[in-house]
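Written below as structure tokens is the structure these notes are about.
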Amino acid sequence: LSGCVPPKEQKKCDLNVEFNAPYSQQTYSCVWARDRTGWRHGTGRLDSYQGWSACRNDLNQFMQIDVGKVRPIAGVVTQGRTHYGQYVTAYAVEVSEDGQNWQAVQCGAPFKGNKASNNERKTNLFNAPVNARYVKIRPTSWRGHISMRAGVVLCEEPCKKGDLDFTMDHSFLSATDGPALETKWGEGRFNNGGYRFYRGQGLQLKQISCLKNPNEYSIVIDARIDHTWHWNRLLSAGGWGRYGMFVKHRKFMLYPEDLEMVCPGVIFNGDMNKFGITREAGGRVRLYLNGFMCAEGEPTDAPRAMMLSKRSVDFFRDPSHLHGSGTVSRIRLWSKALDPEKMATAMGCKKPEKSNQKCKSVVVYNPPYSQIKFSATLGNHRVGTGWARGRLNSPRSWIAPYYGRNWWMQMDSGEVQAIAGVVTQGRGDGWWWTTRYFVKVSVDGRKWRKVECGRIFDGNKNWHAKVTNMFQNPVKARYVRFYPRRYYWYAAMRVGVVVCEADCKEKELDYRFRQTLMSSTGGPSLALQRHDGHFVRRYGYRFHRNNGLQLDQHHCFKDSKTYSVIMKVRLDSVSNWNGLITNDKWGDNGLYVGDGKFRLKPTDIMCTNEKIRRHTWYKLGITRAKEGDVTLFINGYPCAEGKPKSSKGFVLTSTDLQLLGGPDGQGTGGYVKRIQMWGKALPDKEVASLSGCVPPKEQKKCDLNVEFNAPYSQQTYSCVWARDRTGWRHGTGRLDSYQGWSACRNDLNQFMQIDVGKVRPIAGVVTQGRTHYGQYVTAYAVEVSEDGQNWQAVQCGAPFKGNKASNNERKTNLFNAPVNARYVKIRPTSWRGHISMRAGVVLCEEPCKKGDLDFTMDHSFLSATDGPALETKWGEGRFNNGGYRFYRGQGLQLKQISCLKNPNEYSIVIDARIDHTWHWNRLLSAGGWGRYGMFVKHRKFMLYPEDLEMVCPGVIFNGDMNKFGITREAGGRVRLYLNGFMCAEGEPTDAPRAMMLSKRSVDFFRDPSHLHGSGTVSRIRLWSKALDPEKMATAMGCKKPEKSNQKCKSVVVYNPPYSQIKFSATLGNHRVGTGWARGRLNSPRSWIAPYYGRNWWMQMDSGEVQAIAGVVTQGRGDGWWWTTRYFVKVSVDGRKWRKVECGRIFDGNKNWHAKVTNMFQNPVKARYVRFYPRRYYWYAAMRVGVVVCEADCKEKELDYRFRQTLMSSTGGPSLALQRHDGHFVRRYGYRFHRNNGLQLDQHHCFKDSKTYSVIMKVRLDSVSNWNGLITNDKWGDNGLYVGDGKFRLKPTDIMCTNEKIRRHTWYKLGITRAKEGDVTLFINGYPCAEGKPKSSKGFVLTSTDLQLLGGPDGQGTGGYVKRIQMWGKALPDKEVASLSGCVPP
């Protein structure tokens, strides 16, 4: 009722705890002089150096404290301002749970304050504790000025699960409740990193009721120690005396040191570390540094055996002043002893997985630079150079940059394995080294774990000595990182990894000498006999004379009677005895290289075929079977075998093997790149494979071999003496050449390579020495390849015997079995005088496919369908991109034509360019043909002699690629084909053997009487059957136009208008129909192609798809230019074009005016026709027309519309000229001149000559004299005329008298004749006269041509005709009127 709503009261506290809030949890109404909180007048914490002073003295001032969370508040503690006579004598208290809604404690009743300005505390407890988070103290009376220091009395709550967790987040309270820490010996300060304490300012935990049993506990302290070399007590308890947990001399330990509990890791000044201790009920104490258990024991000599006291626990405080300064960020206590795994988790340590492998012995692994990385290097050098060379024993080291921290060096141990420790050295060439470092490891290179929770390892004390640090337990990892922490001058390191020696896998040892003597398959490491060799990146391990390697192999190989060894070595000397594998029990015997031979000593098992050379890499191998059989291998090839009886058959013993050295100084220096050993005898094929010998796949034996003498375009040399080009002087390595190939120098890197054209079975190699010069190859190895990139050694590179003299004697070496390949590389291994040779390849002749041969001339004389190869019997030309270039007399011969079973029947196609087609050029001959054969002469393709009458009409130009074909049927019929078109045929019975082939040989481009020329051949094909014309056309790439089905009874020359003409281009770029773009027949000029470029064309549209029978050409209409040769293409749709007669070159004009007609062999079905000039006189000038087959007239009707043509639109015969051309005029039709009318052969269209109708639209220049319109030779002088202005029949009186015909006036004049003889005349559709004439047989039509628009004896005039229509019947008058445009009312 009085307006007081007190906070809800709680039960009395069992135990109170004083909370002195940090400044981050204090707020003031205002501060004198506007000082900030925590400075001068804003220091309101208990025991602060001054206190809070309000900005003014009134009842609105307050101090507010935040206790961190809602919890029971028991009272308030106050002090006055330090030594200044200012203090609060009374105050009221308000509390709140959220800082917004406030409630007065005890209804605002004042509490008594302080009585002096000193450090005396005045505690006021509430009648009952209240639940709140915020406490507001409002001064109600004061002395001097409102000034005070204050804290809050809290109820101590029971700690959760018996644990305490002091997070030092600006508070000494435990996050799990329970008692608070106290600053008994002076207060430090909170910062973002925790609580900063100075020397002597420790922390005390008084009431440790949480820890029920002092015999068992765990404590973790997260702290930075300022000076780790000095004394720094971390933990003590009542009764411990001088004993306790310390950091001293940079070590974490239990003091005194005679307790022997000192952690090995190094503690650096100012580093944050986590210090832990556990005590089990039985008295066992363990120390932990950053989560790793670093020491343990039972310190029974220590007071109370390190049990805690219930009275208090002290941190960072020592009664003998053995304490220091630092920062603590967290303190945790548990009322039980946590095990090591839980302590590691609690301290944030993620440890690497322990290795399950038993570490019987260890090996130092010094990885190559390809397995080393750096975060950065001084100078940013590339790995393996400069300051980026941190391998053990390297001449320099890795040096981290001088700026920044956390630089690292990473090593890859090659696989996930047991890592047991690390080895370090300083800089290799100066006084820099790393004194402290820590290590991380990883399984995958992404997730990293600190070894021993980040233990700082002791590093080096000088630049050269190696320091090994073994881990407490081997860890399972692949990658290892080194992080320098302290160093001398610069962080310089050379490092290695200590790994546990693994068991050998499947009784195999594999030493790869990649900067280590370890086996990559586990098992024992190689040991040094006396002194170190050294590793060389490209060559492996360098061993010196009498300083080989030792191997204790007997743990790996249980059965001593069977084994295999392969070693890749390069020896400095091969002249004396040089041990490779020896043993004390074998005495002086073993595996040796002596006098250049690979052998077992002292037996006769020796490789005699190949000499071992010094400074040359070899893969030398030995296998011993259980029965005692021993085989020796050189580069995978089994070179010797036997069953030795000395040295107990060379059985392995329990003593160490001596590798790369023998007893009594029987050894040399050299390099070893790899040694592999097995506890079994490997089969020969596996030894070959492991030695890098992957032999080509062997084929079955050849039924028949063929010697292939590759042209120079298919030969390649490593280099040539005097830098001669291939095919000249020292680059002539073909068999039987005039000299031979001579290498530019004498070494084992020289080779001669031959391309056989495609992948096929290779049976061997043929060689000769250099011609008469004392130089030849005495031995060589052979490699083969299918693609020219991947090579395989034949018989594992075993040498073949070469020549014995520099003459033309051939030395043929056949392989054990043929191999499939395209490229053959011959590598000389020994020689006389100089590396000089001539060589070819022995091929298996394969059966030709389907009895055909196809020589594509793709830099090879081999057939793409297998079978025999062509030979250059009379001298060799050369290959180029266009095929094979032959010169006069250099023909080709096909010897073994077993593919062509029957010489009576065959087909042959030759694709060739002939240089001079006017001269004699034999293309084909065969045994027994004599002077007969297939020739090009006078630009014609023919069978010679010409009396065989088989000459193709097409023209052959110099240098043009043409396809020449011949077929012979079994019956003797021979056909010639040019570019796919059958151009001649016959039965040349007079020819020797009737043109049958000879099985002995077929010759191309060669004539015994020297009637041969030069050229280029790109392909030759032969079939063992006579292909029909269609298949020959297809084979020769000719797509012929479709033949017309129309019977060509007669033909018509079609001269289309310019609207139906196109040009690819014209000289001067004139518009069609003007200038040089007027190529119609009889036009005043012509089409002239541009003088640049080729393949210009002129195109004509015949109006519809019809039968095209030929073409007509003229030259330029007004000058001396014409086209002499051309070819023609036709098309149905103007898009797909086909060459007429497969591109036959037609003979053109010989002058500018005459018309030349070329008829096709068969009419073709087309609409569009193109003309392509090939040869011309001055310029390619043409006027052209198209010869079409005359079509049948439709429904006995002819309709001539004179739209730039004299053809009927309804088919049937075309109009012909009487004497000379008229011309077409767009608006007026056809212009005819006096006595130069038109002719018509109509009798094929009109079968009944007694009845017909004619209508013509004409305009005459003259009407006064007799002017014939329709006449006929059989009618004599009679016919249809216009005379004296009258339209009439002559000589009868059937005349239109009513209307006078006027000159220069258009008329539609018509005539009809009925079968009975009645004739009617029409003017403009009107029947103006009729009758039944008796003369001229009643004007019945005859079989002779009609004369139109002109009469006999000059009875004609000029004029225009726009249309002429004719029917084979008498039209009724009304229809004539309608067709004449007359529509009467």
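Numbering starts fresh at 1 for the residues of each chain in the structure tokens, the chains themselves are lettered A, B, ... in the order given, and ligands are numbered from 1 as they appear.
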Skip Thr278 (chain A) itself and residues of its chain fewer than 3 positions away, then list as a VMD selection string all residues within 6 Å of it, counting only C-alpha atoms.
chain A and resid 217 to 218 285 to 286 337
If we count only C-alpha atoms and set the cut-off at 9 Å, which residues sit around region 31-37 of chain A, ignoring sequence neighbours fewer than 6 positions away in its own chain? Please answer as a PyMOL selection string.
chain A and resi 23-24+43-44+52-56
List the neighbours of region 865-869 of chain A out to 9 Å using only C-alpha atoms; skip same-chain residues closer than 4 positions along the sequence, and give me the result as a VMD selection string.
chain A and resid 706 708 760 845 to 855 860 to 861 893 to 899
Please determine, counting only C-alpha atoms, which residue among A:Gly108, A:Gly1015, A:Pro139, A:Pro711 has the shortest atom-to-atom distance to Gln61 (chain A).
A:Pro139
Give me, as a PyMOL selection string, the residues of region 240-414 of chain A that a backbone DSSP run labels helix (DSSP H, G or I).
chain A and resi 257-259+303-306+340-346+369-371
Residue contacts of region 1032-1047 of chain A (7 Å, only C-alpha atoms) excluding same-chain residues fewer than 5 positions away, as JSON, numbers by chain:
{"A": [963, 979, 980, 981, 1027, 1107, 1138, 1139, 1140, 1141, 1142, 1162, 1163, 1164, 1165]}
Which residues come within 12 Å of Ser361 (chain A), counting only C-alpha atoms, excluding same-chain residues fewer than 5 positions away, as a list in words?
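Neighbouring residues, sequence-local ones excluded: Ala418, Ile419, Ala420, Pro474, Val498, Val499, Cys500, Glu501, Ala502, Asp503, Gly522, Gly523, Pro524 and Ser525 of chain A.
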Can you tell me, as a PDB file with all heavy atoms, in the first residue's frame, what residues are no more than 9 Å from Arg1302 (chain A) when counting only C-alpha atoms, ignoring any on the same chain fewer than 5 positions away?
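part_10.pdb, freshly written:
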```
ATOM      1  N   ARG A1259       3.181  -7.570-136.477  1.00  0.00           N
ATOM      2  CA  ARG A1259       3.185  -6.154-136.859  1.00  0.00           C
ATOM      3  C   ARG A1259       4.167  -6.042-138.022  1.00  0.00           C
ATOM      4  O   ARG A1259       5.355  -6.308-137.841  1.00  0.00           O
ATOM      5  CB  ARG A1259       3.613  -5.292-135.694  1.00  0.00           C
ATOM      6  CG  ARG A1259       3.735  -3.837-136.015  1.00  0.00           C
ATOM      7  CD  ARG A1259       4.146  -3.068-134.758  1.00  0.00           C
ATOM      8  NE  ARG A1259       5.234  -2.164-135.072  1.00  0.00           N
ATOM      9  CZ  ARG A1259       5.593  -1.121-134.342  1.00  0.00           C
ATOM     10  NH1 ARG A1259       4.974  -0.885-133.203  1.00  0.00           N
ATOM     11  NH2 ARG A1259       6.594  -0.340-134.698  1.00  0.00           N
ATOM     12  N   LEU A1260       3.648  -5.650-139.223  1.00  0.00           N
ATOM     13  CA  LEU A1260       4.454  -5.670-140.441  1.00  0.00           C
ATOM     14  C   LEU A1260       4.974  -4.278-140.769  1.00  0.00           C
ATOM     15  O   LEU A1260       4.296  -3.260-140.529  1.00  0.00           O
ATOM     16  CB  LEU A1260       3.630  -6.205-141.617  1.00  0.00           C
ATOM     17  CG  LEU A1260       3.032  -7.614-141.393  1.00  0.00           C
ATOM     18  CD1 LEU A1260       2.157  -8.004-142.583  1.00  0.00           C
ATOM     19  CD2 LEU A1260       4.136  -8.638-141.190  1.00  0.00           C
ATOM     20  N   ASP A1261       6.219  -4.282-141.303  1.00  0.00           N
ATOM     21  CA  ASP A1261       6.802  -3.004-141.713  1.00  0.00           C
ATOM     22  C   ASP A1261       6.162  -2.481-143.018  1.00  0.00           C
ATOM     23  O   ASP A1261       6.071  -1.259-143.222  1.00  0.00           O
ATOM     24  CB  ASP A1261       8.313  -3.161-141.936  1.00  0.00           C
ATOM     25  CG  ASP A1261       9.044  -3.465-140.635  1.00  0.00           C
ATOM     26  OD1 ASP A1261       8.461  -3.263-139.543  1.00  0.00           O
ATOM     27  OD2 ASP A1261      10.213  -3.920-140.689  1.00  0.00           O
ATOM     28  N   SER A1262       5.711  -3.439-143.896  1.00  0.00           N
ATOM     29  CA  SER A1262       5.143  -3.055-145.196  1.00  0.00           C
ATOM     30  C   SER A1262       3.954  -3.946-145.511  1.00  0.00           C
ATOM     31  O   SER A1262       3.970  -5.131-145.173  1.00  0.00           O
ATOM     32  CB  SER A1262       6.203  -3.171-146.308  1.00  0.00           C
ATOM     33  OG  SER A1262       5.613  -2.980-147.591  1.00  0.00           O
ATOM     34  N   VAL A1263       2.915  -3.368-146.169  1.00  0.00           N
ATOM     35  CA  VAL A1263       1.728  -4.154-146.525  1.00  0.00           C
ATOM     36  C   VAL A1263       1.349  -3.977-147.987  1.00  0.00           C
ATOM     37  O   VAL A1263       0.349  -4.536-148.452  1.00  0.00           O
ATOM     38  CB  VAL A1263       0.533  -3.778-145.626  1.00  0.00           C
ATOM     39  CG1 VAL A1263       0.806  -4.123-144.177  1.00  0.00           C
ATOM     40  CG2 VAL A1263       0.179  -2.300-145.769  1.00  0.00           C
ATOM     41  N   GLY A1285      -2.425  -4.502-148.761  1.00  0.00           N
ATOM     42  CA  GLY A1285      -3.191  -4.135-147.572  1.00  0.00           C
ATOM     43  C   GLY A1285      -4.289  -5.092-147.236  1.00  0.00           C
ATOM     44  O   GLY A1285      -5.110  -4.787-146.354  1.00  0.00           O
ATOM     45  N   LYS A1286      -4.361  -6.237-147.946  1.00  0.00           N
ATOM     46  CA  LYS A1286      -5.435  -7.188-147.695  1.00  0.00           C
ATOM     47  C   LYS A1286      -4.832  -8.498-147.160  1.00  0.00           C
ATOM     48  O   LYS A1286      -3.757  -8.927-147.590  1.00  0.00           O
ATOM     49  CB  LYS A1286      -6.232  -7.482-148.972  1.00  0.00           C
ATOM     50  CG  LYS A1286      -6.907  -6.273-149.561  1.00  0.00           C
ATOM     51  CD  LYS A1286      -7.966  -5.679-148.620  1.00  0.00           C
ATOM     52  CE  LYS A1286      -8.656  -4.480-149.284  1.00  0.00           C
ATOM     53  NZ  LYS A1286      -9.648  -3.864-148.382  1.00  0.00           N
TER      54      LYS A1286
END
```
Give me the residues within 10 Å of Arg939 (chain A) as a count of residues only, counting only C-alpha atoms and dropping any in the same chain fewer than 3 places off.
17
Go through A:Arg189, A:Lys597, A:His1012, A:Lys336 and flag the residue nearest Arg45 (chain A), using only C-alpha atoms for the distances.
A:Arg189
Two-atom distance - CA of Thr616 (chain A), CA of Ser575 (chain A) (Å):
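Answer for the CA of Thr616 (chain A) to CA of Ser575 (chain A) separation: 13.7 Å.
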